[in-house]
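Structure first, then comments.
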Amino acid sequence: MVSRKTVARMSVYRRLLISLRESGATSVYSHQLARLAEVTAAQVRRDLMAIGYTGSPNRGYETDKCLESIGAFLDAPTRQDAVLVGVGKLGRSVLAYFSGRRPKLSIVAAFDNDPGKVDRVTEGCRCFPVERMEGIVRDLGVRVAVLTVSADAAQDVADALVSAGVTGIVSFAPTPLHLPDDVYVEYMDIIAALESAAYFVRQGEEAAEAPPDAQREAAPVVAKLEPLLAGADMRLEDIAARIGATVLTEPRAGAEVTGIYAGDRVSDLLNHSSDRTLLVSNLASVQMVRVAELMDVPAICLVNGTVPDGEVLDVARQTRTCLMVSPIGVFETCGLLYQTLAGEAPGNGGEARNGGGQAAADGGGQSAPPGA
């Protein structure tokens with residue numbers, strides 16, 4: 001079964017794609033959509049592959065076709081109606097914002113107990129007295145409702161809606177609802193969100209104002225991150241030149257690296273990689289290139305002078321994955337990469353061997369902290 005988070009991300013993708021289309025964009029790459037949605041490019045690809053849509057390595061995702069696929073996934077085959085209860089300031093704002101945005105999902109009726117609001121049209125939606133709510137909801141066959149009522153009224157209203165056949169509720173009321181297990185409830189707690197934002201702002205300000213002794217408590221963790229992040233935003237061409245690697249396929253325009261992963265456990269790569277991770281491997285295979293594509297890893301550094309065959313090179317070009325070959329092994333290559341990303345100048349052969357030993361001891365077979 002599809003998770004709530006997946007459905008929520010699909011809705012976000014659709015909103016962003018509509019905005020991109022309105023700005024004139026006909027296509028978008030996974031890393032561009034991921035940056036806008038604040039997720040990873042790999043997550044974008046997995047989500048879209050799950051609904052049966054794939055893009056082109058050269059052109060990315062076609063905006064219109066991607067929107068069609070998301071619409072087929074999110075929307076009902078025919079129009080689906082919803083109602084809103086509580087036509088106060090928040091309720092009117094919801095009606096105004098939602099009006100006309102989704103042709104297949106419409107708020108067709110509103111309800112309120114204020115005589116001054118009933119029998120009037122607000123933002124294109126007629127308001128009825130709450131006493132008629134159950135009958136109208138049942139007659140219309142509505143299954144979705146939005147609650148913008150007070151906390152003390154929310155439970156009674158929700159019970160009445162469920163009794164009328166509603167099985168999905170979006171609640172803005174700041175109180176939990178006790179409903180049958182087969183009723184889906186999405187809580188939109190604005191106060192909790194604002195309090196959370198205010199809390200983390202205070203935490204950041206307190207950390208900045210903390211005395212030096214208090215700040216040093218976090219030093220061991222920070223020290224582990226700093227060496228590889230000090231050389232952030234290094235271009236692949238520069239990295240290859242500094243470690244003596246030969247570039248076989250052209251890097252993506254502007255591709256940069258802030259972290260490395262060296263190892264053969266794909267599960268670890270899936271957990272730790274990003275679109276700024278350099279993969280170090282002795283596996284010159286099509287499968288490894290496909291894994292890199294899935295995780296949006298921009299480059300693979302093969303070791304021991306291993307030159308891949310033509311099929312691997314072709315797939316790398318198609319997926320815009322940069323392949324480079326280091327003449328030395330994983331041990332020494334990691335040492336040179338560590339020095340490079342830490343902002344140190346790689347030394348001679350003997351120094352490189354020492355650097356490689358340190359890299360292997362610190363993270364051989366594990367991920368160096370990526371920058372994203």
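Chain identifiers are assigned as A, B, and so on, following the order in which chains appear in the structure tokens; residues are numbered from 1 within each chain, and ligands are numbered from 1 in order of appearance.
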Exercise for the section: May I have the residues within 10 Å of Ala316 (chain A) as an NGL selection string, using only C-alpha atoms and disregarding those fewer than 2 positions away in the same chain? Expected result: :A and (248-251 or 286 or 288-290 or 292-293 or 299-300 or 310-314 or 318-323)
Generate a file of the selected residues that holds C-alpha atoms, formatted as a PDB file, in the first residue's frame.
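Full text of result-v2.pdb as output:
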```
ATOM      1  CA  LEU A 248      36.676   8.386 -19.541  1.00  0.00           C
ATOM      2  CA  THR A 249      33.205   9.937 -19.845  1.00  0.00           C
ATOM      3  CA  GLU A 250      32.329  13.615 -19.683  1.00  0.00           C
ATOM      4  CA  PRO A 251      31.135  14.914 -16.300  1.00  0.00           C
ATOM      5  CA  VAL A 286      26.665  -1.867 -16.055  1.00  0.00           C
ATOM      6  CA  MET A 288      27.117  -0.316 -10.823  1.00  0.00           C
ATOM      7  CA  VAL A 289      26.440   2.496 -13.287  1.00  0.00           C
ATOM      8  CA  ARG A 290      22.694   1.863 -12.995  1.00  0.00           C
ATOM      9  CA  ALA A 292      24.761   5.351  -9.517  1.00  0.00           C
ATOM     10  CA  GLU A 293      22.020   6.593 -11.853  1.00  0.00           C
ATOM     11  CA  ALA A 299      30.667   9.959 -10.867  1.00  0.00           C
ATOM     12  CA  ILE A 300      32.386   6.624 -10.292  1.00  0.00           C
ATOM     13  CA  GLY A 310      32.290  -0.436 -24.337  1.00  0.00           C
ATOM     14  CA  GLU A 311      28.861  -1.348 -22.964  1.00  0.00           C
ATOM     15  CA  VAL A 312      29.645   0.181 -19.569  1.00  0.00           C
ATOM     16  CA  LEU A 313      30.980   3.333 -21.228  1.00  0.00           C
ATOM     17  CA  ASP A 314      27.855   3.633 -23.395  1.00  0.00           C
ATOM     18  CA  GLN A 318      23.538   7.747 -21.601  1.00  0.00           C
ATOM     19  CA  THR A 319      23.049   8.307 -17.870  1.00  0.00           C
ATOM     20  CA  ARG A 320      25.492  11.233 -17.733  1.00  0.00           C
ATOM     21  CA  THR A 321      27.621   9.382 -15.160  1.00  0.00           C
ATOM     22  CA  CYS A 322      31.244  10.441 -15.156  1.00  0.00           C
ATOM     23  CA  LEU A 323      33.667   7.492 -15.161  1.00  0.00           C
TER      24      LEU A 323
END
```
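In terms of minimum interatomic distance to Tyr13 (chain A), A:Ala37 ranks closest within A:Ala37, A:Val130, A:Ala241, A:Val325, counting only C-alpha atoms.
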Handout entry: Shell of 9 Å around Leu16 (chain A), only C-alpha atoms, local chain residues under 4 positions omitted, as a list of chain:residue names
Key =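 Near neighbours after the sequence-gap exclusion: A:Ser11, A:Val12, A:Leu20, A:Arg21, A:Leu33, A:Leu36, A:Ala37.
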Those residues you just picked out, can you put them in a file as a short mmCIF file (atom, residue, chain, number, x, y, z; two decimals), in the first residue's frame with C-alpha atoms?
```cif
data_model
loop_
_atom_site.label_atom_id
_atom_site.label_comp_id
_atom_site.auth_asym_id
_atom_site.auth_seq_id
_atom_site.Cartn_x
_atom_site.Cartn_y
_atom_site.Cartn_z
CA SER A 11 1.09 16.34 -4.50
CA VAL A 12 4.15 18.54 -3.93
CA LEU A 20 7.52 25.15 -13.77
CA ARG A 21 5.19 24.67 -16.73
CA LEU A 33 12.79 18.78 -8.93
CA LEU A 36 12.61 22.36 -5.15
CA ALA A 37 10.81 19.64 -3.19
#
```
Problem - Given only C-alpha atoms as the counted atoms, nearest of A:Leu95, A:Ala82, A:Val170, A:Leu17 to Glu62 (chain A) - result: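 The shortest atom-to-atom distance to Glu62 (chain A) comes from A:Leu17.
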Exercise for the section: Would you mind listing what lies within 9 Å of Ser99 (chain A) as a count of residues only, with only C-alpha atoms counted and same-chain residues fewer than 5 positions away left out? Expected result: 6
Apply DSSP to the structure's backbone, then extract all residues of region 18-140 of chain A labelled helix (DSSP H, G or I) and return them as a CSV table (one decimal) with N, CA and C atoms, in the first residue's frame.
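Written output follows (out_11.csv):
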```csv
chain,number,residue,atom,x,y,z
A,18,ILE,N,3.5,22.2,-12.1
A,18,ILE,CA,2.6,23.2,-12.6
A,18,ILE,C,3.2,24.5,-12.7
A,19,SER,N,3.9,24.9,-11.6
A,19,SER,CA,4.6,26.2,-11.5
A,19,SER,C,5.7,26.3,-12.6
A,20,LEU,N,6.5,25.2,-12.8
A,20,LEU,CA,7.5,25.2,-13.8
A,20,LEU,C,6.9,25.3,-15.2
A,21,ARG,N,5.8,24.6,-15.4
A,21,ARG,CA,5.2,24.7,-16.7
A,21,ARG,C,4.7,26.1,-17.0
A,22,GLU,N,4.2,26.7,-16.0
A,22,GLU,CA,3.7,28.1,-16.2
A,22,GLU,C,4.8,29.1,-16.5
A,30,SER,N,15.7,15.2,-12.4
A,30,SER,CA,15.3,14.8,-11.1
A,30,SER,C,16.0,15.6,-10.0
A,31,HIS,N,17.3,16.0,-10.2
A,31,HIS,CA,17.9,16.8,-9.2
A,31,HIS,C,17.4,18.2,-9.0
A,32,GLN,N,16.8,18.7,-10.2
A,32,GLN,CA,16.2,20.0,-10.1
A,32,GLN,C,14.9,20.0,-9.3
A,33,LEU,N,14.1,18.9,-9.6
A,33,LEU,CA,12.8,18.8,-8.9
A,33,LEU,C,13.0,18.5,-7.5
A,34,ALA,N,14.1,17.7,-7.2
A,34,ALA,CA,14.4,17.3,-5.8
A,34,ALA,C,14.8,18.5,-5.0
A,35,ARG,N,15.5,19.4,-5.6
A,35,ARG,CA,16.0,20.6,-4.9
A,35,ARG,C,14.8,21.5,-4.5
A,36,LEU,N,13.8,21.6,-5.4
A,36,LEU,CA,12.6,22.4,-5.2
A,36,LEU,C,11.7,21.7,-4.1
A,37,ALA,N,11.7,20.4,-4.1
A,37,ALA,CA,10.8,19.6,-3.2
A,37,ALA,C,11.5,19.3,-1.9
A,41,ALA,N,17.3,13.5,-5.1
A,41,ALA,CA,17.0,13.1,-6.5
A,41,ALA,C,16.6,11.6,-6.6
A,42,ALA,N,17.3,10.8,-5.8
A,42,ALA,CA,16.9,9.4,-5.8
A,42,ALA,C,15.5,9.1,-5.4
A,43,GLN,N,15.1,9.9,-4.4
A,43,GLN,CA,13.7,9.8,-3.9
A,43,GLN,C,12.7,10.2,-5.0
A,44,VAL,N,13.0,11.2,-5.8
A,44,VAL,CA,12.1,11.7,-6.9
A,44,VAL,C,12.0,10.5,-7.9
A,45,ARG,N,13.2,9.9,-8.3
A,45,ARG,CA,13.1,8.9,-9.3
A,45,ARG,C,12.4,7.7,-8.8
A,46,ARG,N,12.6,7.3,-7.5
A,46,ARG,CA,11.9,6.1,-7.0
A,46,ARG,C,10.4,6.4,-7.0
A,47,ASP,N,10.0,7.6,-6.6
A,47,ASP,CA,8.5,7.9,-6.5
A,47,ASP,C,7.9,7.8,-7.9
A,48,LEU,N,8.6,8.4,-8.9
A,48,LEU,CA,8.0,8.5,-10.2
A,48,LEU,C,8.0,7.1,-10.9
A,49,MET,N,9.1,6.4,-10.6
A,49,MET,CA,9.1,5.0,-11.2
A,49,MET,C,8.0,4.1,-10.6
A,50,ALA,N,7.6,4.4,-9.3
A,50,ALA,CA,6.6,3.7,-8.7
A,50,ALA,C,5.2,3.9,-9.3
A,63,THR,N,7.6,17.8,-18.6
A,63,THR,CA,6.7,18.4,-17.6
A,63,THR,C,5.2,17.9,-17.8
A,64,ASP,N,4.7,18.0,-19.0
A,64,ASP,CA,3.3,17.6,-19.3
A,64,ASP,C,3.1,16.1,-19.0
A,65,LYS,N,3.9,15.3,-19.5
A,65,LYS,CA,3.7,13.8,-19.3
A,65,LYS,C,3.9,13.4,-17.9
A,66,CYS,N,4.8,14.1,-17.2
A,66,CYS,CA,4.9,13.8,-15.7
A,66,CYS,C,3.7,14.2,-15.0
A,67,LEU,N,3.1,15.3,-15.3
A,67,LEU,CA,1.9,15.8,-14.7
A,67,LEU,C,0.7,14.8,-15.0
A,68,GLU,N,0.7,14.3,-16.2
A,68,GLU,CA,-0.4,13.4,-16.5
A,68,GLU,C,-0.3,12.1,-15.7
A,69,SER,N,1.0,11.6,-15.5
A,69,SER,CA,1.2,10.4,-14.7
A,69,SER,C,0.8,10.6,-13.3
A,70,ILE,N,1.2,11.8,-12.7
A,70,ILE,CA,0.9,12.1,-11.3
A,70,ILE,C,-0.6,12.2,-11.2
A,71,GLY,N,-1.3,12.9,-12.1
A,71,GLY,CA,-2.7,13.1,-12.1
A,71,GLY,C,-3.4,11.7,-12.1
A,72,ALA,N,-3.0,10.8,-13.0
A,72,ALA,CA,-3.6,9.5,-13.0
A,72,ALA,C,-3.4,8.7,-11.7
A,73,PHE,N,-2.3,9.0,-11.0
A,73,PHE,CA,-2.1,8.3,-9.7
A,73,PHE,C,-2.9,9.0,-8.6
A,74,LEU,N,-3.0,10.3,-8.5
A,74,LEU,CA,-3.6,11.0,-7.4
A,74,LEU,C,-5.1,11.1,-7.6
A,89,LYS,N,-12.9,32.8,9.2
A,89,LYS,CA,-11.9,33.4,8.4
A,89,LYS,C,-11.0,32.3,7.8
A,90,LEU,N,-10.7,31.2,8.6
A,90,LEU,CA,-9.9,30.1,8.1
A,90,LEU,C,-10.6,29.4,7.0
A,91,GLY,N,-11.9,29.1,7.3
A,91,GLY,CA,-12.7,28.3,6.3
A,91,GLY,C,-12.8,29.1,5.0
A,92,ARG,N,-13.0,30.4,5.0
A,92,ARG,CA,-13.1,31.2,3.8
A,92,ARG,C,-11.7,31.2,3.1
A,93,SER,N,-10.7,31.2,3.8
A,93,SER,CA,-9.3,31.2,3.2
A,93,SER,C,-9.1,29.9,2.5
A,94,VAL,N,-9.5,28.8,3.1
A,94,VAL,CA,-9.4,27.5,2.4
A,94,VAL,C,-10.2,27.4,1.2
A,95,LEU,N,-11.4,27.9,1.2
A,95,LEU,CA,-12.3,27.9,0.0
A,95,LEU,C,-11.7,28.8,-1.1
A,96,ALA,N,-11.1,29.9,-0.7
A,96,ALA,CA,-10.5,30.8,-1.7
A,96,ALA,C,-9.3,30.2,-2.3
A,97,TYR,N,-8.5,29.6,-1.5
A,97,TYR,CA,-7.2,29.0,-2.0
A,97,TYR,C,-7.5,27.8,-2.9
A,98,PHE,N,-8.4,27.0,-2.5
A,98,PHE,CA,-8.7,25.7,-3.3
A,98,PHE,C,-9.5,25.9,-4.5
A,130,VAL,N,-25.7,23.9,9.5
A,130,VAL,CA,-25.1,22.7,9.9
A,130,VAL,C,-26.1,21.6,10.2
A,131,GLU,N,-27.4,22.0,10.5
A,131,GLU,CA,-28.4,21.1,10.8
A,131,GLU,C,-28.7,20.2,9.6
A,132,ARG,N,-28.5,20.7,8.4
A,132,ARG,CA,-28.8,19.9,7.2
A,132,ARG,C,-27.6,19.1,6.7
A,133,MET,N,-26.4,19.2,7.4
A,133,MET,CA,-25.2,18.6,7.0
A,133,MET,C,-25.3,17.1,6.6
A,134,GLU,N,-25.8,16.4,7.6
A,134,GLU,CA,-25.8,14.9,7.4
A,134,GLU,C,-26.6,14.5,6.2
A,135,GLY,N,-27.8,15.1,6.0
A,135,GLY,CA,-28.6,14.8,4.9
A,135,GLY,C,-28.0,15.2,3.6
A,136,ILE,N,-27.4,16.3,3.5
A,136,ILE,CA,-26.8,16.8,2.2
A,136,ILE,C,-25.6,16.0,1.9
A,137,VAL,N,-24.7,15.7,2.9
A,137,VAL,CA,-23.5,14.9,2.6
A,137,VAL,C,-23.9,13.5,2.1
A,138,ARG,N,-25.0,12.9,2.8
A,138,ARG,CA,-25.4,11.6,2.4
A,138,ARG,C,-26.0,11.6,1.0
A,139,ASP,N,-26.8,12.6,0.7
A,139,ASP,CA,-27.5,12.7,-0.6
A,139,ASP,C,-26.4,12.9,-1.8
A,140,LEU,N,-25.4,13.7,-1.5
A,140,LEU,CA,-24.4,13.9,-2.5
A,140,LEU,C,-23.3,12.8,-2.6
```
Exercise for the section: Using DSSP on the backbone coordinates, identify all residues within region 37-214 of chain A classified as strand (DSSP E or B); present the result as a PyMOL selection string. Expected result: chain A and resi 56+60-62+80-85+105-112+121-122+125-129+144-147+168-171+184-187
Practice task
Would you mind listing what lies within 12 Å of region 152-165 of chain A as a count of residues only, with only C-alpha atoms counted and same-chain residues fewer than 2 positions away left out?
Solution key: 49
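In this structure, CA of Gly329 (chain A) sits 18.8 Å away from CA of Leu236 (chain A).
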Handout entry: Gap from CA of Ala255 (chain A) to CA of Gly24 (chain A) - Å, one decimal
Key =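 Between CA of Ala255 (chain A) and CA of Gly24 (chain A) the gap is 24.6 Å.
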